[in-house]
Structure formats: structure tokens, C-alpha cells
file protein.txt (compact mmCIF, C-alpha atoms and all ligand atoms)
# COMPACT_ATOMS: atom_id res chain seq x y z
CA MET S 117 -14.06 -39.61 -14.49
CA GLN S 118 -15.44 -42.38 -12.33
CA THR S 119 -18.39 -41.46 -10.14
CA PRO S 120 -17.36 -41.72 -6.50
CA MET S 121 -19.30 -44.13 -4.32
CA CYS S 122 -20.51 -43.74 -0.76
CA TRP S 123 -18.05 -45.45 1.59
CA SER S 124 -20.98 -46.59 3.75
CA CYS S 125 -23.72 -47.85 1.42
CA GLY S 126 -22.02 -47.94 -2.01
CA ALA S 127 -24.50 -45.59 -3.69
CA PRO S 128 -23.01 -43.12 -6.21
CA VAL S 129 -22.40 -39.66 -4.72
CA GLU S 130 -21.78 -36.40 -6.54
CA ALA S 131 -18.23 -35.06 -6.25
CA ALA S 132 -19.41 -31.87 -4.52
CA ALA S 133 -21.73 -33.65 -2.05
CA SER S 134 -20.70 -33.69 1.59
CA PHE S 135 -23.35 -36.28 2.45
CA CYS S 136 -24.68 -39.39 0.70
CA ALA S 137 -28.16 -38.75 -0.68
CA ALA S 138 -29.12 -42.40 -0.10
CA CYS S 139 -27.94 -43.09 3.47
CA GLN S 140 -26.97 -39.57 4.69
CA ALA S 141 -23.47 -40.72 5.70
CA VAL S 142 -20.91 -37.92 5.68
CA GLN S 143 -18.42 -38.24 2.78
CA PRO S 144 -14.65 -37.60 2.77
CA PRO S 145 -13.71 -34.04 1.74
CA GLY S 146 -11.99 -35.13 -1.50
CA GLN S 147 -10.17 -32.81 -3.88
CA LEU S 148 -12.73 -30.03 -4.34
CA ASP S 149 -11.51 -26.48 -4.66
CA HIS S 150 -12.77 -24.00 -2.04
CA PHE S 151 -15.37 -22.48 -4.37
CA ALA S 152 -16.91 -25.82 -5.31
CA ARG S 153 -16.89 -26.92 -1.66
CA LEU S 154 -19.14 -23.99 -0.79
CA GLY S 155 -21.26 -24.26 -3.93
CA LEU S 156 -19.99 -20.96 -5.36
CA GLY S 157 -18.82 -20.13 -8.87
CA ARG S 158 -15.08 -19.67 -9.22
CA GLY S 159 -14.26 -15.96 -9.37
CA TYR S 160 -12.93 -13.09 -7.32
CA THR S 161 -16.32 -11.50 -6.73
CA VAL S 162 -18.00 -13.52 -4.01
CA ASP S 163 -21.51 -13.01 -2.65
CA LEU S 164 -20.55 -12.87 1.03
CA ALA S 165 -24.11 -13.49 2.21
CA ALA S 166 -24.30 -16.64 0.05
CA LEU S 167 -20.89 -17.69 1.35
CA ASP S 168 -22.05 -17.32 4.95
CA ARG S 169 -25.31 -19.20 4.27
CA ALA S 170 -23.53 -22.12 2.62
CA TYR S 171 -20.91 -22.27 5.35
CA PHE S 172 -23.24 -22.14 8.34
CA ALA S 173 -25.65 -24.68 6.80
CA LEU S 174 -22.83 -27.19 6.28
CA GLN S 175 -21.24 -26.39 9.62
CA ARG S 176 -24.51 -27.21 11.39
CA ARG S 177 -24.70 -30.58 9.64
CA LEU S 178 -21.09 -31.31 10.57
CA HIS S 179 -21.39 -30.30 14.21
CA PRO S 180 -19.58 -32.81 16.48
CA ASP S 181 -22.74 -33.30 18.58
CA ARG S 182 -24.35 -35.00 15.61
CA PHE S 183 -21.61 -37.60 15.44
CA VAL S 184 -21.24 -38.55 19.11
CA ARG S 185 -23.07 -41.84 18.63
CA LYS S 186 -21.61 -42.65 15.20
CA GLN S 187 -18.83 -45.13 14.43
CA PRO S 188 -15.26 -43.81 14.82
CA ARG S 189 -14.79 -43.90 11.05
CA GLU S 190 -17.74 -41.64 10.38
CA ARG S 191 -16.69 -39.35 13.22
CA ALA S 192 -13.20 -39.04 11.73
CA ILE S 193 -14.59 -38.28 8.27
CA SER S 194 -16.88 -35.60 9.70
CA GLN S 195 -13.86 -33.94 11.31
CA GLN S 196 -11.97 -33.98 7.99
CA GLN S 197 -15.00 -32.42 6.30
CA ALA S 198 -15.31 -29.76 8.99
CA ALA S 199 -11.59 -28.87 8.69
CA ALA S 200 -11.81 -28.62 4.89
CA LEU S 201 -14.95 -26.51 5.21
CA ASN S 202 -13.34 -24.08 7.68
CA GLU S 203 -10.25 -23.72 5.50
CA ALA S 204 -12.42 -22.99 2.44
CA TYR S 205 -14.52 -20.45 4.32
CA GLU S 206 -11.64 -18.55 5.92
CA THR S 207 -9.82 -18.38 2.58
CA LEU S 208 -12.78 -17.12 0.56
CA LYS S 209 -14.02 -14.67 3.18
CA HIS S 210 -10.74 -12.73 3.39
CA PRO S 211 -10.21 -10.57 0.27
CA ILE S 212 -6.41 -10.91 0.22
CA ARG S 213 -6.37 -14.65 0.98
CA ARG S 214 -9.08 -15.16 -1.65
CA ALA S 215 -6.99 -13.27 -4.22
CA ARG S 216 -3.89 -15.35 -3.48
CA TYR S 217 -5.86 -18.59 -3.62
CA LEU S 218 -7.60 -17.77 -6.89
CA ALA S 219 -4.29 -16.59 -8.38
CA GLU S 220 -2.76 -19.96 -7.44
CA LEU S 221 -5.64 -21.79 -9.14
CA MET S 222 -4.88 -19.67 -12.24
CA ASP S 223 -1.17 -20.54 -12.05
CA VAL S 224 -0.13 -16.94 -11.44
CA ASP S 225 3.52 -16.98 -10.41
CA LEU S 226 3.45 -15.62 -6.85
CA PRO S 227 6.43 -15.31 -4.52
CA GLY S 228 6.25 -17.30 -1.28
CA ASP S 229 5.21 -15.90 2.06
CA GLY S 230 8.63 -14.26 2.41
CA ARG S 231 6.92 -11.37 0.59
CA THR S 232 9.92 -10.32 -1.44
CA ILE S 233 9.22 -7.24 -3.52
CA ASP S 234 10.72 -7.74 -6.98
CA ASP S 235 8.80 -4.95 -8.70
CA PRO S 236 10.98 -1.79 -8.98
CA GLN S 237 8.06 0.64 -8.91
CA LEU S 238 6.53 -1.00 -5.86
CA LEU S 239 9.93 -1.16 -4.18
CA MET S 240 10.31 2.60 -4.66
CA GLU S 241 6.83 3.22 -3.29
CA ALA S 242 7.54 1.05 -0.25
CA MET S 243 10.82 2.84 0.46
CA GLU S 244 9.17 6.26 0.27
CA ALA S 245 6.39 5.16 2.59
CA ARG S 246 8.91 3.82 5.13
CA GLU S 247 10.82 7.11 4.98
CA ALA S 248 7.64 9.09 5.57
CA LEU S 249 6.84 6.82 8.50
CA ALA S 250 10.31 7.27 10.00
CA GLU S 251 9.96 11.05 9.68
CA ALA S 252 6.44 11.21 11.14
CA GLY S 253 6.83 12.82 14.53
CA THR S 254 3.29 12.80 15.87
CA VAL S 255 0.49 10.27 16.32
CA ALA S 256 -1.69 12.30 13.93
CA GLU S 257 0.93 12.14 11.19
CA VAL S 258 1.26 8.38 11.57
CA GLN S 259 -2.53 8.01 11.57
CA ALA S 260 -2.70 9.91 8.28
CA LEU S 261 -0.17 7.49 6.74
CA GLU S 262 -2.14 4.51 8.06
CA ARG S 263 -5.35 5.90 6.62
CA ARG S 264 -3.75 6.46 3.24
CA SER S 265 -2.45 2.89 3.17
CA ARG S 266 -5.86 1.51 4.10
CA ASP S 267 -7.49 3.53 1.32
CA GLU S 268 -4.89 2.28 -1.15
CA SER S 269 -5.50 -1.25 0.04
CA ASP S 270 -9.26 -0.87 -0.53
CA ALA S 271 -8.60 0.51 -4.00
CA ALA S 272 -6.28 -2.40 -4.85
CA ILE S 273 -8.93 -4.90 -3.73
CA ALA S 274 -11.54 -3.15 -5.88
CA ALA S 275 -9.13 -3.20 -8.86
CA LEU S 276 -8.60 -6.95 -8.41
CA ARG S 277 -12.19 -7.69 -9.47
CA GLU S 278 -11.50 -6.20 -12.86
CA LEU S 279 -8.05 -7.81 -13.14
CA PHE S 280 -9.45 -11.26 -12.37
CA THR S 281 -12.29 -10.76 -14.83
CA ARG S 282 -9.73 -9.99 -17.54
CA ALA S 283 -7.43 -12.77 -16.23
CA ASP S 284 -4.60 -10.21 -16.31
CA GLN S 285 -1.92 -12.36 -14.68
CA ALA S 286 0.76 -9.64 -14.46
CA GLY S 287 -1.73 -7.15 -13.02
CA ILE S 288 -3.03 -9.69 -10.49
CA ARG S 289 0.50 -10.50 -9.39
CA ARG S 290 1.37 -6.82 -8.92
CA ALA S 291 -1.85 -6.11 -6.99
CA ILE S 292 -1.26 -9.06 -4.64
CA LEU S 293 2.34 -7.97 -3.94
CA ARG S 294 1.11 -4.45 -3.32
CA LEU S 295 -1.56 -5.65 -0.88
CA ALA S 296 1.02 -7.70 1.02
CA TYR S 297 3.27 -4.67 1.35
CA LEU S 298 0.40 -2.34 2.35
CA ASP S 299 -0.72 -4.86 4.96
CA LYS S 300 2.77 -4.97 6.44
CA PHE S 301 3.09 -1.19 6.32
CA VAL S 302 -0.14 -0.69 8.26
CA GLU S 303 1.24 -3.05 10.95
CA GLU S 304 4.49 -1.08 11.12
CA ALA S 305 2.62 2.22 11.30
CA ARG S 306 0.48 0.90 14.14
CA ALA S 307 3.59 -0.14 16.08
CA ARG S 308 5.13 3.29 15.49
CA ARG S 309 1.95 5.05 16.59
CA LEU S 310 1.84 3.05 19.83
CA ASN S 311 5.46 3.97 20.44
CA LEU S 312 4.83 7.67 19.91
CA GLY S 313 1.65 7.53 21.97
CA SER S 314 3.33 6.02 25.01
CA ALA S 315 6.32 8.36 24.77
CA GLY S 316 4.09 11.47 24.57
CA PRO S 317 3.55 14.42 24.10
ZN ZN S 401 -24.56 -43.88 1.45
call {"tool": "encode", "arguments": {"input": "protein.txt", "output": "C-alpha cells", "more": "lines below"}}
Ligand SMILES: [Zn+2]
result
Amino acid sequence: MQTPMCWSCGAPVEAAASFCAACQAVQPPGQLDHFARLGLGRGYTVDLAALDRAYFALQRRLHPDRFVRKQPRERAISQQQAAALNEAYETLKHPIRRARYLAELMDVDLPGDGRTIDDPQLLMEAMEAREALAEAGTVAEVQALERRSRDESDAAIAALRELFTRADQAGIRRAILRLAYLDKFVEEARARRLNLGSAGP
């Protein structure tokens, strides 16, 4: 692969570098994946403190105040870098978004955002949970269902570490579908709880 060159001074720049080492000009975001952009190894387990450090350090260097007196071209490039940085950070910080993103990098076949459930066992589980929610007559009962779903969600996230380590594509796919459904269920339960709460007793 050809070494990229700084658009400003022509010096070679490393693919993962946001700034030219020779002239300090900000570089276009390029085709880096989110992990490389933040200087992290590719994997589901992310050191969140390291992620924050890398993000805030770059964000400071890309702050618009630093580019007020620069040429329009450099200002525009800094904005592209900042947008790519934010996208990378938000994706990697959120455990479900991170799982989906990493699964895509691994070519796991995921359904679109329509969140169709095509797994019979999960479909059954979702139907039973919806029934229980419909039958819950008090705020406390709904809260118990919400809590259970949150616990299951936490357990699925913990299980993903192992699944990604083993590169178990079918397991990763199932866990991501399950998380999407649990996420949606918690939202539905919250709506139902608010309904019950306002109607009393
Ligand atoms: Zn340069």
C-alpha cells in the first residue's frame, strides 16, 4: 500500500495519524475503522478509560477554536476529522452499538434496523414476555419485568465477550438480536408503567 502524504507539506504520514508529524496540519479522516481511529486493538472488550483518554485528547486538538485562523480547507478537514472521531467514540462506548459494529467488521449476517426476529426460540421468549407485560396489573409487577430484562441484557453483554473471543458468528448474531429485543421490551415496559402510574391506584 502506498504511504499517504500530507496534503499540506507532502511529507509521508502514517495511516492512523490525525496530524502531520512534520507540519502539524490536520489530515483527512480516511478509511480507518473505529478501533484504529482511537488507537485501540480491535475486539469487543474495550478499556473504557483508555477510550475516553484517546477521545478527549484528540477532541481537544480538533477543537474549532484552534482552526479559526486557518485556511478554509484545513478548517473543513478538521471538521471531517471531528465528525469521524465522534462517530467512532459513540459507537465504541455503547456496548450494543459496539457489538453490532464489530459484528459487521466480521461479516456476521445481521438483519437491518427493522429488528426482525427470525430465531424461533427468541420469538417465543419475546411473545411470553409481551404476554406477561400485558397481564401485569401494577407498577411493581411491571418494574419486576423491567428489572429482569435489564439483568438479562447485562448477561447477554457479558456473554458477548466470550462469543467474540471465539468468533462464534451464530452466537454473536443471536446475542445481538436478543439485545435488540430486550432493549425494545424495556422501552415498552417503561411506557406501560407510566400508563399504570398515571391511572392509579
Ligand atoms: Zn505536513
call {"tool": "residues_near_ligand", "arguments": {"input": "protein.txt", "ligand": "ligand ZN 401 (chain S)", "cutoff": "7 Å", "atoms": "all atoms listed in the file", "output": "PyMOL selection string"}}
result
chain S and resi 122-127+136-141
call {"tool": "write_last_selection", "arguments": {"input": "protein.txt", "atoms": "C-alpha atoms", "output": "tab-separated table (two decimals), in the frame of the given file"}}
result
chain	number	residue	atom	x	y	z
S	122	CYS	CA	-20.51	-43.74	-0.76
S	123	TRP	CA	-18.05	-45.45	1.59
S	124	SER	CA	-20.98	-46.59	3.75
S	125	CYS	CA	-23.72	-47.85	1.42
S	126	GLY	CA	-22.02	-47.94	-2.01
S	127	ALA	CA	-24.50	-45.59	-3.69
S	136	CYS	CA	-24.68	-39.39	0.70
S	137	ALA	CA	-28.16	-38.75	-0.68
S	138	ALA	CA	-29.12	-42.40	-0.10
S	139	CYS	CA	-27.94	-43.09	3.47
S	140	GLN	CA	-26.97	-39.57	4.69
S	141	ALA	CA	-23.47	-40.72	5.70
call {"tool": "closest_residue", "arguments": {"input": "protein.txt", "among": "S:Ala173, S:Glu278, S:Pro144, S:Leu208", "to": "S:Leu156", "atoms": "only C-alpha atoms"}}
result
S:Leu208
call {"tool": "closest_residue", "arguments": {"input": "protein.txt", "among": "S:Arg185, S:Gln197, S:Ala275, S:Val258", "to": "S:Arg294", "atoms": "all atoms listed in the file"}}
result
S:Ala275
call {"tool": "atom_distance", "arguments": {"input": "protein.txt", "atom1": "atom CA of S:Asp284", "atom2": "atom CA of S:Tyr205"}}
result
25.1 Å
call {"tool": "closest_residue", "arguments": {"input": "protein.txt", "among": "S:Ala192, S:Asn202, S:Leu218, S:Pro227", "to": "S:Ala283", "atoms": "all atoms listed in the file"}}
result
S:Leu218
call {"tool": "closest_residue", "arguments": {"input": "protein.txt", "among": "S:Gly146, S:Ala250, S:Gln259, S:Thr281", "to": "S:Arg158", "atoms": "only C-alpha atoms"}}
result
S:Thr281
call {"tool": "closest_residue", "arguments": {"input": "protein.txt", "among": "S:Lys186, S:Arg169, S:Arg289, S:Arg282", "to": "S:Ala219", "atoms": "all atoms listed in the file"}}
result
S:Arg289
call {"tool": "atom_distance", "arguments": {"input": "protein.txt", "atom1": "atom CA of S:Ala296", "atom2": "atom CA of S:Ser269"}}
result
9.2 Å
call {"tool": "atom_distance", "arguments": {"input": "protein.txt", "atom1": "atom CA of S:Asp235", "atom2": "atom CA of S:Leu279"}}
result
17.7 Å
call {"tool": "residues_around", "arguments": {"input": "protein.txt", "residues": "S:Leu238", "least_positions_apart": "5", "cutoff": "12 Å", "atoms": "all atoms listed in the file", "output": "count of residues only"}}
result
15
call {"tool": "closest_residue", "arguments": {"input": "protein.txt", "among": "S:Val142, S:Arg153, S:Asp225, S:Leu148", "to": "S:Arg189", "atoms": "all atoms listed in the file"}}
result
S:Val142
call {"tool": "residues_around", "arguments": {"input": "protein.txt", "residues": "S:Val302", "least_positions_apart": "5", "cutoff": "8 Å", "atoms": "all atoms listed in the file", "output": "JSON, numbers by chain"}}
result
{"S": [262, 265, 266]}
call {"tool": "residues_around", "arguments": {"input": "protein.txt", "residues": "S:Leu249", "least_positions_apart": "5", "cutoff": "9 Å", "atoms": "only C-alpha atoms", "output": "number ranges by chain"}}
result
S: 244, 257-258, 261, 304-305, 308
call {"tool": "residues_around", "arguments": {"input": "protein.txt", "residues": "S:Ser194", "least_positions_apart": "5", "cutoff": "9 Å", "atoms": "only C-alpha atoms", "output": "count of residues only"}}
result
10
